[in-house]
$ cat work.cif   # mmCIF, C-alpha atoms
data_run
loop_
_atom_site.label_atom_id
_atom_site.label_comp_id
_atom_site.auth_asym_id
_atom_site.auth_seq_id
_atom_site.Cartn_x
_atom_site.Cartn_y
_atom_site.Cartn_z
CA MET A 1 -7.48 -30.75 -13.33
CA ALA A 2 -8.62 -27.73 -11.43
CA ALA A 3 -5.15 -26.95 -10.13
CA ASP A 4 -3.77 -26.54 -13.65
CA LYS A 5 -6.29 -24.02 -14.82
CA PRO A 6 -5.32 -20.40 -14.43
CA PRO A 7 -7.65 -19.06 -11.78
CA GLU A 8 -10.05 -16.30 -12.57
CA LEU A 9 -9.46 -12.87 -11.17
CA ALA A 10 -12.35 -13.08 -8.73
CA GLN A 11 -11.00 -16.36 -7.47
CA LEU A 12 -7.55 -14.84 -7.00
CA VAL A 13 -9.05 -12.01 -5.00
CA ASP A 14 -11.08 -14.41 -2.93
CA GLU A 15 -8.15 -16.66 -2.11
CA HIS A 16 -5.30 -14.20 -1.76
CA HIS A 17 -6.62 -10.77 -0.81
CA ALA A 18 -5.68 -11.28 2.84
CA VAL A 19 -2.01 -12.05 2.29
CA VAL A 20 -1.70 -9.40 -0.40
CA TYR A 21 -3.27 -6.75 1.82
CA ARG A 22 -1.09 -7.71 4.78
CA TYR A 23 2.03 -7.46 2.66
CA ALA A 24 0.86 -4.14 1.25
CA TYR A 25 0.23 -2.81 4.74
CA ARG A 26 3.67 -3.80 5.96
CA LEU A 27 5.22 -2.07 2.95
CA THR A 28 3.16 1.10 3.00
CA GLY A 29 2.35 1.43 6.69
CA SER A 30 -1.06 2.86 5.88
CA VAL A 31 -4.46 1.22 5.70
CA HIS A 32 -5.52 3.45 2.84
CA ASP A 33 -2.33 2.99 0.81
CA ALA A 34 -2.35 -0.72 1.48
CA GLU A 35 -5.83 -1.10 0.07
CA ASP A 36 -4.91 0.95 -2.99
CA LEU A 37 -1.79 -1.12 -3.53
CA THR A 38 -3.77 -4.31 -3.12
CA GLN A 39 -6.24 -3.12 -5.75
CA GLN A 40 -3.39 -2.16 -8.05
CA THR A 41 -1.86 -5.58 -7.57
CA PHE A 42 -4.97 -7.45 -8.60
CA LEU A 43 -5.45 -5.24 -11.62
CA ALA A 44 -1.87 -5.89 -12.67
CA ALA A 45 -2.39 -9.58 -12.00
CA HIS A 46 -5.35 -9.57 -14.31
CA ARG A 47 -3.24 -8.12 -17.10
CA LYS A 48 -0.56 -10.75 -16.54
CA LEU A 49 -2.78 -13.69 -15.81
CA ASP A 50 -1.37 -15.68 -18.70
CA GLN A 51 1.98 -15.73 -16.88
CA LEU A 52 0.54 -17.69 -14.01
CA ARG A 53 0.74 -21.35 -14.88
CA GLU A 54 0.60 -22.95 -11.48
CA ARG A 55 -2.28 -22.16 -9.24
CA GLN A 56 -0.34 -23.23 -6.17
CA ARG A 57 2.08 -20.38 -6.76
CA ALA A 58 -0.49 -17.66 -7.15
CA GLY A 59 0.26 -16.24 -3.71
CA SER A 60 3.98 -15.90 -4.37
CA TRP A 61 3.27 -14.48 -7.80
CA LEU A 62 0.93 -11.84 -6.41
CA CYS A 63 3.47 -10.89 -3.75
CA SER A 64 6.09 -10.27 -6.41
CA ILE A 65 3.68 -8.12 -8.43
CA LEU A 66 2.85 -6.12 -5.33
CA ARG A 67 6.47 -5.71 -4.33
CA ASN A 68 7.49 -4.54 -7.79
CA ALA A 69 4.64 -2.03 -7.89
CA TRP A 70 5.66 -0.65 -4.51
CA LEU A 71 9.34 -0.47 -5.42
CA LYS A 72 8.47 1.33 -8.63
CA ALA A 73 6.48 3.88 -6.67
CA GLN A 74 9.37 4.32 -4.23
CA GLN A 75 11.76 5.12 -7.05
CA ARG A 76 9.73 8.24 -7.78
CA ARG A 77 10.16 9.45 -4.21
CA THR A 78 13.11 11.09 -2.53
CA PRO A 79 15.36 8.32 -1.34
CA THR A 80 16.06 7.98 2.36
CA ALA A 81 19.72 8.01 3.20
CA ALA A 82 20.95 4.63 4.28
CA SER A 83 23.04 6.43 6.86
CA ALA A 84 19.75 6.93 8.70
CA LEU A 85 20.41 3.44 9.97
CA GLU A 86 22.97 4.41 12.52
CA LEU A 87 23.59 1.05 13.96
CA ASP A 88 26.52 -0.18 15.88
CA LEU A 89 26.28 -3.83 15.09
CA GLN A 90 29.07 -4.72 17.43
CA ASN A 91 27.30 -3.30 20.45
CA LEU A 92 23.76 -4.28 19.80
CA VAL A 93 21.90 -5.83 22.65
CA GLN A 94 20.92 -9.42 22.27
CA ALA A 95 17.68 -10.35 20.60
CA PRO A 96 14.68 -9.81 22.83
CA ASP A 97 13.39 -12.75 24.78
CA GLU A 98 11.77 -15.25 22.45
CA SER A 99 8.66 -15.25 24.56
CA THR A 100 8.23 -11.49 24.30
CA PRO A 101 5.37 -10.86 21.91
CA ILE A 102 6.08 -8.40 19.15
CA ASP A 103 3.55 -5.63 19.00
CA ARG A 104 2.28 -5.26 15.45
CA GLU A 105 2.01 -1.47 15.57
CA GLN A 106 5.44 -1.10 17.11
CA LEU A 107 6.76 -3.36 14.38
CA GLN A 108 5.13 -1.17 11.75
CA ARG A 109 6.67 1.97 13.20
CA ALA A 110 10.05 0.28 13.14
CA LEU A 111 9.55 -0.80 9.54
CA ASP A 112 8.40 2.66 8.51
CA ALA A 113 11.63 4.12 9.83
CA LEU A 114 13.62 2.03 7.39
CA PRO A 115 14.69 3.08 3.91
CA PRO A 116 12.70 1.17 1.27
CA GLU A 117 15.63 -0.98 0.17
CA PHE A 118 16.01 -2.29 3.71
CA LYS A 119 12.33 -2.69 4.33
CA VAL A 120 11.75 -4.70 1.19
CA VAL A 121 14.57 -7.11 1.96
CA LEU A 122 13.25 -7.68 5.47
CA LEU A 123 9.77 -8.34 4.15
CA MET A 124 10.99 -10.62 1.39
CA PHE A 125 12.82 -12.66 4.02
CA TYR A 126 10.34 -12.63 6.89
CA PHE A 127 7.01 -12.18 5.12
CA GLU A 128 7.57 -14.03 1.86
CA GLY A 129 10.08 -16.48 3.26
CA LEU A 130 12.50 -16.02 0.38
CA SER A 131 16.11 -17.08 0.56
CA TYR A 132 19.04 -14.69 0.30
CA ARG A 133 19.72 -15.94 -3.18
CA ALA A 134 16.15 -15.51 -4.32
CA ILE A 135 16.06 -12.00 -2.88
CA ALA A 136 19.32 -11.14 -4.61
CA GLU A 137 18.02 -12.44 -7.91
CA GLN A 138 14.67 -10.75 -7.68
CA LEU A 139 16.11 -7.40 -6.67
CA ALA A 140 19.08 -7.76 -9.03
CA VAL A 141 21.58 -6.92 -6.30
CA PRO A 142 24.61 -8.88 -5.11
CA LEU A 143 24.12 -11.52 -2.46
CA GLY A 144 26.35 -9.62 -0.05
CA THR A 145 24.12 -6.59 -0.38
CA VAL A 146 21.12 -8.66 0.57
CA MET A 147 22.88 -10.09 3.59
CA SER A 148 24.09 -6.67 4.63
CA ARG A 149 20.68 -5.06 4.30
CA LEU A 150 19.05 -7.92 6.09
CA ALA A 151 21.53 -7.83 8.95
CA ARG A 152 21.26 -4.09 9.39
CA GLY A 153 17.51 -4.06 8.99
CA LYS A 154 17.16 -6.86 11.48
CA ALA A 155 19.44 -5.08 13.92
CA HIS A 156 17.31 -1.98 13.53
CA LEU A 157 14.17 -3.94 14.32
CA ARG A 158 15.78 -5.56 17.33
CA LYS A 159 16.79 -2.20 18.63
CA ARG A 160 13.35 -0.73 18.11
CA LEU A 161 11.44 -3.73 19.40
CA GLU A 162 13.49 -4.57 22.41
CA PRO A 163 11.70 -4.36 25.75
CA ALA A 164 11.89 -1.08 27.64
CA SER A 165 14.58 -2.23 30.01
CA LEU A 166 16.86 -3.23 27.18
CA ALA A 167 16.00 -0.08 25.30
CA THR A 168 17.18 1.98 28.23
CA ALA A 169 20.40 0.06 28.35
CA GLY A 170 20.84 0.63 24.63
CA GLN A 171 20.30 4.37 24.74
CA GLY A 172 23.86 5.00 25.70
CA ARG A 173 25.08 3.80 22.34
CA MET B 1 25.00 1.23 2.40
CA ASP B 2 25.67 -1.72 0.26
CA ALA B 3 29.18 -1.81 1.42
CA SER B 4 28.23 -2.22 5.03
CA HIS B 5 30.15 -5.37 5.49
CA GLY B 6 29.92 -5.18 9.21
CA GLY B 7 26.34 -6.18 8.64
CA ASP B 8 27.39 -8.99 6.36
CA SER B 9 29.60 -10.63 8.85
CA SER B 10 27.00 -10.20 11.54
CA HIS B 11 24.46 -12.04 9.53
CA ILE B 12 26.80 -14.76 8.42
CA ASP B 13 27.37 -15.49 12.07
CA ASP B 14 23.67 -15.50 12.59
CA HIS B 15 23.07 -17.84 9.74
CA ALA B 16 25.80 -20.20 10.72
CA GLY B 17 24.10 -20.59 14.06
CA HIS B 18 20.68 -21.57 12.86
CA PRO B 19 19.44 -24.94 13.98
CA GLY B 20 19.34 -26.41 10.54
CA ASN B 21 23.07 -25.97 10.22
CA SER B 22 24.26 -26.70 13.67
CA ALA B 23 23.24 -28.48 16.77
CA GLY B 24 23.26 -25.30 18.76
CA SER B 25 19.52 -24.89 19.18
CA SER B 26 16.56 -27.05 19.93
CA LYS B 27 14.19 -24.95 17.84
CA PRO B 28 13.22 -26.60 14.57
CA PRO B 29 13.55 -24.46 11.50
CA ILE B 30 10.45 -23.08 9.91
CA ILE B 31 11.12 -22.96 6.23
CA VAL B 32 8.80 -20.87 4.17
CA ASP B 33 10.32 -20.54 0.80
CA HIS B 34 9.45 -20.36 -2.82
CA ALA B 35 9.82 -23.71 -4.47
CA GLU B 36 12.57 -22.72 -6.84
CA ASP B 37 14.73 -21.06 -4.21
CA ALA B 38 17.17 -22.02 -1.58
CA SER B 39 15.56 -22.37 1.79
CA VAL B 40 16.80 -20.36 4.70
CA PRO B 41 15.46 -21.51 8.03
CA LEU B 42 14.65 -18.86 10.55
CA SER B 43 17.39 -19.04 13.08
CA THR B 44 15.98 -18.02 16.45
CA GLY B 45 12.75 -17.89 18.33
CA TRP B 46 12.81 -14.16 17.81
CA ASP B 47 13.01 -14.73 14.05
CA HIS B 48 9.93 -16.92 14.25
CA ALA B 49 8.13 -14.34 16.35
CA LEU B 50 9.10 -11.61 13.90
CA ALA B 51 7.90 -13.64 10.91
CA ALA B 52 4.61 -14.24 12.67
CA ALA B 53 4.27 -10.58 13.63
CA MET B 54 4.88 -9.55 10.03
CA HIS B 55 1.68 -11.40 9.10
CA ASP B 56 -0.24 -10.06 12.06
CA VAL B 57 -2.18 -7.36 10.26
CA PRO B 58 -5.92 -7.01 10.78
CA LEU B 59 -8.00 -6.96 7.63
CA PRO B 60 -10.34 -4.03 7.12
CA PRO B 61 -13.97 -5.15 7.11
CA GLY B 62 -15.40 -5.73 3.64
CA LEU B 63 -12.02 -5.64 1.94
CA SER B 64 -12.68 -8.54 -0.40
CA ALA B 65 -16.05 -7.16 -1.50
CA ARG B 66 -14.58 -3.71 -2.12
CA LEU B 67 -11.73 -5.12 -4.16
CA LEU B 68 -14.12 -7.11 -6.31
CA ALA B 69 -16.48 -4.19 -6.69
CA ARG B 70 -13.68 -1.91 -7.87
CA LEU B 71 -12.41 -4.32 -10.46
CA PRO B 72 -13.75 -3.31 -13.83
CA GLU B 73 -16.55 -5.56 -14.97
CA PRO B 74 -14.84 -6.22 -18.32
CA ALA B 75 -11.85 -7.54 -16.40
CA ILE B 76 -14.00 -10.14 -14.73
CA ALA B 77 -15.78 -10.97 -17.98
CA ALA B 78 -12.48 -11.07 -19.82
CA ASP B 79 -11.35 -13.79 -17.48
CA ARG B 80 -13.83 -16.06 -19.06
CA ARG B 81 -12.81 -15.11 -22.58
CA ALA B 82 -9.14 -15.27 -21.73
CA ALA B 83 -9.02 -19.03 -21.74
CA GLY B 84 -9.14 -18.97 -25.52
CA HIS B 85 -6.24 -16.58 -25.73
CA ARG B 86 -3.99 -18.28 -23.28
CA VAL B 87 -2.31 -20.43 -25.90
CA ALA B 88 -1.06 -17.30 -27.62
CA GLY B 89 -0.20 -15.86 -24.26
CA ARG B 90 1.87 -18.89 -23.44
CA LEU B 91 3.85 -18.56 -26.68
CA ALA B 92 4.66 -15.00 -25.70
CA GLY B 93 5.42 -16.33 -22.27
CA ARG B 94 7.91 -18.77 -23.76
CA ARG B 95 9.72 -15.95 -25.55
CA ARG B 96 9.87 -14.08 -22.29
CA TRP B 97 11.12 -17.22 -20.64
CA LEU B 98 13.92 -17.56 -23.19
CA ARG B 99 14.96 -13.98 -22.58
CA ALA B 100 14.85 -14.59 -18.86
CA ALA B 101 16.91 -17.74 -19.28
CA ALA B 102 19.56 -15.80 -21.17
CA ALA B 103 19.64 -13.20 -18.42
CA SER B 104 19.86 -15.94 -15.84
CA LEU B 105 22.91 -17.38 -17.58
CA ALA B 106 24.54 -13.98 -17.39
CA CYS B 107 23.85 -13.93 -13.67
CA ALA B 108 25.05 -17.48 -13.17
CA ALA B 109 28.63 -16.55 -12.45
CA SER B 110 27.68 -14.19 -9.68
CA VAL B 111 25.43 -16.67 -7.96
CA THR B 112 27.76 -19.65 -8.23
CA VAL B 113 29.42 -18.84 -4.95
CA ALA B 114 26.04 -18.44 -3.32
CA ILE B 115 24.86 -21.77 -4.67
CA MET B 116 27.96 -23.47 -3.37
CA TYR B 117 27.40 -21.81 -0.03
CA PHE B 118 23.82 -22.94 0.19
CA ASN B 119 24.63 -26.40 -1.06
CA GLN B 120 27.08 -26.74 1.74
CA THR B 121 24.74 -25.41 4.37
CA ALA B 122 21.28 -26.48 3.21
CA PRO B 123 20.14 -28.53 6.13
CA ASP B 124 19.25 -32.13 5.66
CA MET B 125 16.01 -32.83 7.41
CA GLY B 126 15.15 -36.06 9.09
CA SER B 127 11.69 -37.33 9.80
CA GLU B 128 11.37 -35.61 13.15
CA SER B 129 12.67 -32.32 11.86
CA VAL B 130 10.20 -32.44 8.97
CA MET B 131 7.32 -33.13 11.34
CA GLU B 132 8.33 -30.39 13.74
CA SER B 133 8.80 -27.85 10.97
CA VAL B 134 5.46 -28.62 9.39
CA ARG B 135 3.78 -28.65 12.79
CA ALA B 136 5.30 -25.25 13.57
CA TRP B 137 4.06 -23.91 10.23
CA HIS B 138 0.64 -25.45 10.86
CA ASN B 139 0.32 -23.97 14.32
CA HIS B 140 1.69 -20.63 13.21
CA LEU B 141 -1.05 -20.32 10.59
CA ALA B 142 -3.70 -21.75 12.88
CA GLY B 143 -2.74 -19.15 15.47
CA MET B 144 -3.61 -16.51 12.92
CA GLY B 145 -6.91 -18.19 12.13
CA GLN B 146 -5.61 -19.48 8.81
CA GLN B 147 -6.03 -23.19 9.19
CA GLY B 148 -4.14 -25.08 6.52
CA GLY B 149 -3.21 -21.87 4.75
CA GLY B 150 -6.34 -19.84 5.27
CA GLY B 151 -7.62 -19.94 1.71
CA PRO B 152 -11.06 -21.20 0.78
CA LEU B 153 -11.69 -24.89 1.21
CA HIS B 154 -12.10 -26.59 -2.14
CA ARG B 155 -14.46 -29.50 -2.07
CA ASP B 156 -14.10 -30.29 -5.75
CA ALA B 157 -11.70 -32.84 -7.22
CA PRO B 158 -8.36 -32.79 -5.44
CA PRO B 159 -5.34 -31.59 -7.41
CA GLU B 160 -3.90 -34.47 -9.43
CA ASP B 161 -0.35 -33.51 -8.59
CA TYR B 162 -1.04 -33.67 -4.87
CA PRO B 163 -3.54 -36.44 -4.12
CA SER B 164 -4.32 -37.27 -0.53
CA GLY B 165 -3.03 -40.77 -1.20
CA SER B 166 -4.30 -44.19 -0.33
CA LEU B 167 -3.10 -44.22 3.26
CA VAL B 168 -5.48 -41.57 4.48
CA VAL B 169 -9.08 -42.61 5.03
CA ALA B 170 -10.88 -41.02 2.11
CA SER B 171 -14.08 -40.42 4.00
CA CYS B 172 -12.19 -38.20 6.44
CA VAL B 173 -11.16 -35.76 3.72
CA GLU B 174 -13.35 -32.65 3.75
CA GLY B 175 -11.49 -30.62 1.15
CA TRP B 176 -8.20 -29.02 0.26
CA ARG B 177 -6.55 -25.62 0.24
CA SER B 178 -3.70 -24.03 -1.64
CA LEU B 179 -0.73 -23.18 0.52
CA PRO B 180 -0.11 -19.44 0.90
CA ALA B 181 3.60 -20.03 0.28
CA PRO B 182 5.75 -23.07 -0.35
CA LEU B 183 6.49 -25.20 2.66
CA LEU B 184 9.96 -26.70 3.22
CA GLY B 185 10.79 -24.97 -0.07
CA ARG B 186 8.26 -27.17 -1.82
CA ALA B 187 4.94 -26.65 -3.52
CA GLY B 188 1.91 -28.53 -2.32
CA VAL B 189 -1.55 -28.38 -0.85
CA ALA B 190 -3.21 -28.91 2.54
CA TYR B 191 -6.13 -31.25 3.01
CA GLN B 192 -8.59 -30.68 5.82
CA LEU B 193 -9.58 -33.88 7.58
CA ALA B 194 -12.15 -34.78 10.19
CA GLY B 195 -12.11 -38.15 11.91
CA PRO B 196 -14.95 -40.21 13.33
CA ARG B 197 -14.23 -38.83 16.79
CA GLN B 198 -14.70 -35.29 15.50
CA ASN B 199 -10.91 -35.09 15.60
CA ARG B 200 -9.46 -32.51 13.24
CA ALA B 201 -6.31 -32.86 11.19
CA THR B 202 -4.45 -31.35 8.28
CA LEU B 203 -2.61 -33.38 5.70
CA TYR B 204 0.16 -31.52 3.89
CA VAL B 205 1.07 -33.03 0.52
CA LEU B 206 4.28 -31.63 -0.96
CA ASP B 207 6.77 -32.53 -3.65
CA PHE B 208 9.30 -34.88 -2.15
CA ASP B 209 12.15 -33.67 -4.34
CA GLY B 210 12.49 -29.97 -3.79
CA PRO B 211 14.59 -27.52 -5.73
CA ARG B 212 18.29 -28.12 -5.79
CA SER B 213 19.11 -25.99 -2.82
CA ALA B 214 16.12 -26.86 -0.67
CA PRO B 215 16.76 -29.03 2.33
CA ARG B 216 17.22 -32.66 1.45
CA LEU B 217 14.74 -34.93 3.14
CA LEU B 218 16.26 -37.91 4.88
CA LEU B 219 13.01 -39.70 5.26
CA ASN B 220 12.08 -43.11 4.01
CA ALA B 221 8.97 -44.00 5.97
CA THR B 222 6.27 -45.22 3.64
CA SER B 223 3.50 -45.49 6.18
CA PRO B 224 1.88 -42.91 8.43
CA LEU B 225 2.20 -45.41 11.26
CA GLU B 226 5.99 -45.75 11.10
CA ASN B 227 7.09 -42.57 12.84
CA LEU B 228 4.50 -41.03 15.08
CA LEU B 229 5.32 -37.95 17.09
CA THR B 230 2.94 -36.81 19.80
CA THR B 231 3.60 -33.34 21.19
CA ASP B 232 1.40 -30.79 22.91
CA GLY B 233 -1.84 -32.56 22.14
CA GLN B 234 -1.02 -33.17 18.52
CA THR B 235 0.15 -36.31 16.77
CA SER B 236 2.14 -36.01 13.56
CA SER B 237 3.62 -38.32 11.02
CA ALA B 238 5.62 -37.89 7.84
CA TRP B 239 5.93 -40.43 5.07
CA THR B 240 6.60 -40.57 1.36
CA ASP B 241 5.53 -42.49 -1.68
CA GLY B 242 8.78 -41.55 -3.39
CA VAL B 243 7.28 -38.68 -5.33
CA ARG B 244 5.38 -36.83 -2.67
CA LEU B 245 5.90 -36.01 0.95
CA TYR B 246 2.91 -36.46 3.23
CA VAL B 247 2.83 -34.85 6.65
CA LEU B 248 -0.26 -35.34 8.75
CA VAL B 249 -0.73 -33.08 11.75
CA ALA B 250 -3.67 -34.27 13.82
CA ASP B 251 -5.24 -32.98 16.99
CA GLY B 252 -5.34 -35.60 19.71
CA ASN B 253 -3.45 -38.68 20.67
CA GLU B 254 -2.22 -41.67 18.73
CA GLN B 255 -5.59 -43.38 18.90
CA ASP B 256 -7.26 -40.37 17.35
CA PHE B 257 -4.54 -40.29 14.71
CA ARG B 258 -5.12 -43.92 13.81
CA THR B 259 -8.75 -43.21 12.90
CA LEU B 260 -7.52 -41.07 10.01
CA VAL B 261 -5.05 -43.42 8.36
CA ARG B 262 -4.56 -46.98 7.29
CA ALA B 263 -1.45 -49.08 7.04
CA PRO B 264 -0.12 -49.95 3.59
CA ARG B 265 -1.02 -53.44 2.41
CA SER B 266 2.42 -54.79 3.08
CA MET B 267 2.16 -53.76 6.71
CA ALA B 268 -1.47 -54.64 7.28
#
$ encode --input "work.cif" --output "structure tokens"
Amino acid sequence: MAADKPPELAQLVDEHHAVVYRYAYRLTGSVHDAEDLTQQTFLAAHRKLDQLRERQRAGSWLCSILRNAWLKAQQRRTPTAASALELDLQNLVQAPDESTPIDREQLQRALDALPPEFKVVLLMFYFEGLSYRAIAEQLAVPLGTVMSRLARGKAHLRKRLEPASLATAGQGR
Amino acid sequence: MDASHGGDSSHIDDHAGHPGNSAGSSKPPIIVDHAEDASVPLSTGWDHALAAAMHDVPLPPGLSARLLARLPEPAIAADRRAAGHRVAGRLAGRRRWLRAAAASLACAASVTVAIMYFNQTAPDMGSESVMESVRAWHNHLAGMGQQGGGGPLHRDAPPEDYPSGSLVVASCVEGWRSLPAPLLGRAGVAYQLAGPRQNRATLYVLDFDGPRSAPRLLLNATSPLENLLTTDGQTSSAWTDGVRLYVLVADGNEQDFRTLVRAPRSMA
């Protein structure tokens, strides 16, 4: 059956380059870096192709390769202090109106302002659709840490993405 | 930062309020989860909008061609040779799996509480909730121009694990696509359908039994004609053959929908 055969590299690129690139862009915040990371991901995938047994899971598998490559690169950089997230969770404004579209560039700027460990948790939850437990297992951190990072990261995004009127109201915090 | 428990409590409140766990919201959960993981529905409309915005990234022109061109030729050629070596690779894979299993056992204690938590809160999903969730997923992807998952349409033999089934008119099936991520915490595929009225539809075929902590499906319809839901110009139905879950999301009204399916023999 076709679905049981490990796909060839070219096929993987053909089917999954879009989602891999989009994930890479959200992580890196740069078109150039995203393309490099995407390339790196497919090369790593080629080396590990024997680990992929189910074609239906190729997308998830590639996302985890990409994420690990990015996290590894982040470890070589100067860490951002988590205290940069000066959030008063008790006084945050409510989530923006559901009907308010989220601007993709504004979202990227908000993501870029986050320390990597917050950004990756947000992306694992919202981009990959992983559960708290899966995120905790894959990052090898306690569940409470995941929930904390997600809550604070989400609060940060809300604050940065809220409409101008709400932003003004929030500036007094 | 890890000790920021103010954030923890904030999110627990958030999570407790999501529509899969309480009756507090009319929004159906979109569940996009890896098959082996617990599913966490997105709790608010803003969560849905944020998830959609995360994927809203334009692709640079020619990306696919550049990626392929930069891959070393031997890597492509090696793909073809690799089939012969995969048996050995799988043995190594099994050793890795055993090591991973041992590590997982070591982690088991720390995740027990989490498993209990998710077992208590994993939402059961009825027929309507399943249809709405899949429809939301379908429309979310379609809105990004990724019909049925956005991958290439395969017109070759359908995957044996996820056949389109006997209740969908075979001549309407144009092909199938892999899903970009599990749906309802389950693996599966999406079939592209076209009816005699040029009506378009997508049939999602998923595992009925998901991972332990995925939402339990309270759905026993065995025919696409048992529970029809028409909303916003789309008609949906969800049914099961006991092993697989079928969800058909079709453009148009019930009459259009009926051109794509047939009743099981017992109902005919």
$ resolve_selection --input "work.cif" --expression "the PyMOL selection byres ((chain B and resi 243) around 12)" --output "ChimeraX atom specification"
/B:161-163,165,188,205-210,217,220,222,239-242,244-246
$ atom_distance --input "work.cif" --atom1 "atom CA of Arg57 of chain A" --atom2 "atom CA of Arg22 of chain A"
17.4 Å
$ resolve_selection --input "work.cif" --expression "the PyMOL selection byres ((chain A and resi 26) around 10)" --output "list in words"
Tyr21, Arg22, Tyr23, Ala24, Tyr25, Leu27, Thr28, Gly29, Ser30, Val31, Ala34, Arg104, Leu107, Gln108, Arg109, Leu111, Asp112, Lys119, Val120, Leu123 and Phe127 of chain A; Met54, His55, Asp56 and Val57 of chain B
$ closest_atom_pairs --input "work.cif" --of "chain A" --to "chain B" --cutoff "6 Å" --atoms "all atoms listed in the file" --output "CSV"
residue,atom,partner,partner_atom,distance
A:Ala3,CA,B:Pro159,CA,5.4
A:Glu8,CA,B:Asp79,CA,5.7
A:Glu15,CA,B:Gly151,CA,5.1
A:Arg22,CA,B:Val57,CA,5.6
A:Asp50,CA,B:Gly89,CA,5.7
A:Gln56,CA,B:Ser178,CA,5.7
A:Gly59,CA,B:Pro180,CA,5.6
A:Ala82,CA,B:Met1,CA,5.6
A:Glu98,CA,B:Trp46,CA,4.9
A:Arg104,CA,B:Ala53,CA,6.0
A:Tyr126,CA,B:Ala51,CA,4.8
A:Phe127,CA,B:Met54,CA,6.0
A:Gly129,CA,B:Val32,CA,4.7
A:Leu130,CA,B:Asp33,CA,5.0
A:Ser131,CA,B:Val40,CA,5.3
A:Ala134,CA,B:Asp37,CA,5.7
A:Thr145,CA,B:Asp2,CA,5.2
A:Met147,CA,B:Asp8,CA,5.4
A:Ser148,CA,B:Asp8,CA,4.4
A:Ala151,CA,B:Gly7,CA,5.1
A:Arg152,CA,B:Gly7,CA,5.5
$ resolve_selection --input "work.cif" --expression "the PyMOL selection byres ((chain B and resi 124) around 6)" --output "number ranges by chain"
B: 123, 125, 215-217
$ atom_distance --input "work.cif" --atom1 "atom CA of Leu114 of chain A" --atom2 "atom CA of Thr41 of chain A"
22.8 Å
$ atom_distance --input "work.cif" --atom1 "atom CA of Gln192 of chain B" --atom2 "atom CA of Trp176 of chain B"
5.8 Å
$ residues_around --input "work.cif" --residues "segment 247-257 of chain B" --least-positions-apart "4" --cutoff "9 Å" --atoms "all atoms listed in the file" --output "PDB file with C-alpha atoms, keeping the file's coordinate frame"
ATOM      1  CA  VAL B 130      10.200 -32.440   8.970  1.00  0.00           C
ATOM      2  CA  MET B 131       7.320 -33.130  11.340  1.00  0.00           C
ATOM      3  CA  VAL B 134       5.460 -28.620   9.390  1.00  0.00           C
ATOM      4  CA  ARG B 135       3.780 -28.650  12.790  1.00  0.00           C
ATOM      5  CA  HIS B 138       0.640 -25.450  10.860  1.00  0.00           C
ATOM      6  CA  LEU B 193      -9.580 -33.880   7.580  1.00  0.00           C
ATOM      7  CA  GLY B 195     -12.110 -38.150  11.910  1.00  0.00           C
ATOM      8  CA  PRO B 196     -14.950 -40.210  13.330  1.00  0.00           C
ATOM      9  CA  ARG B 197     -14.230 -38.830  16.790  1.00  0.00           C
ATOM     10  CA  ASN B 199     -10.910 -35.090  15.600  1.00  0.00           C
ATOM     11  CA  ARG B 200      -9.460 -32.510  13.240  1.00  0.00           C
ATOM     12  CA  ALA B 201      -6.310 -32.860  11.190  1.00  0.00           C
ATOM     13  CA  THR B 202      -4.450 -31.350   8.280  1.00  0.00           C
ATOM     14  CA  LEU B 203      -2.610 -33.380   5.700  1.00  0.00           C
ATOM     15  CA  TYR B 204       0.160 -31.520   3.890  1.00  0.00           C
ATOM     16  CA  VAL B 205       1.070 -33.030   0.520  1.00  0.00           C
ATOM     17  CA  LEU B 206       4.280 -31.630  -0.960  1.00  0.00           C
ATOM     18  CA  PRO B 224       1.880 -42.910   8.430  1.00  0.00           C
ATOM     19  CA  LEU B 228       4.500 -41.030  15.080  1.00  0.00           C
ATOM     20  CA  LEU B 229       5.320 -37.950  17.090  1.00  0.00           C
ATOM     21  CA  THR B 230       2.940 -36.810  19.800  1.00  0.00           C
ATOM     22  CA  THR B 231       3.600 -33.340  21.190  1.00  0.00           C
ATOM     23  CA  ASP B 232       1.400 -30.790  22.910  1.00  0.00           C
ATOM     24  CA  GLY B 233      -1.840 -32.560  22.140  1.00  0.00           C
ATOM     25  CA  GLN B 234      -1.020 -33.170  18.520  1.00  0.00           C
ATOM     26  CA  THR B 235       0.150 -36.310  16.770  1.00  0.00           C
ATOM     27  CA  SER B 236       2.140 -36.010  13.560  1.00  0.00           C
ATOM     28  CA  SER B 237       3.620 -38.320  11.020  1.00  0.00           C
ATOM     29  CA  ALA B 238       5.620 -37.890   7.840  1.00  0.00           C
ATOM     30  CA  TRP B 239       5.930 -40.430   5.070  1.00  0.00           C
ATOM     31  CA  THR B 240       6.600 -40.570   1.360  1.00  0.00           C
ATOM     32  CA  VAL B 261      -5.050 -43.420   8.360  1.00  0.00           C
TER      33      VAL B 261
END
$ closest_residue --input "work.cif" --among "B:Gly62, B:Arg155, B:Pro264, B:Asn139" --to "Gly175 of chain B" --atoms "all atoms listed in the file"
B:Arg155
$ closest_residue --input "work.cif" --among "B:Arg186, B:Ala194, B:Ala69, B:Glu226" --to "Val173 of chain B" --atoms "all atoms listed in the file"
B:Ala194
$ residues_around --input "work.cif" --residues "Leu139 of chain A" --least-positions-apart "3" --cutoff "12 Å" --atoms "all atoms listed in the file" --output "list in words"
Ser64, Arg67, Asn68, Leu71, Lys72, Glu117, Phe118, Val120, Val121, Met124, Leu130, Tyr132, Arg133, Ala134, Ile135, Ala136, Pro142, Leu143, Thr145 and Val146 of chain A
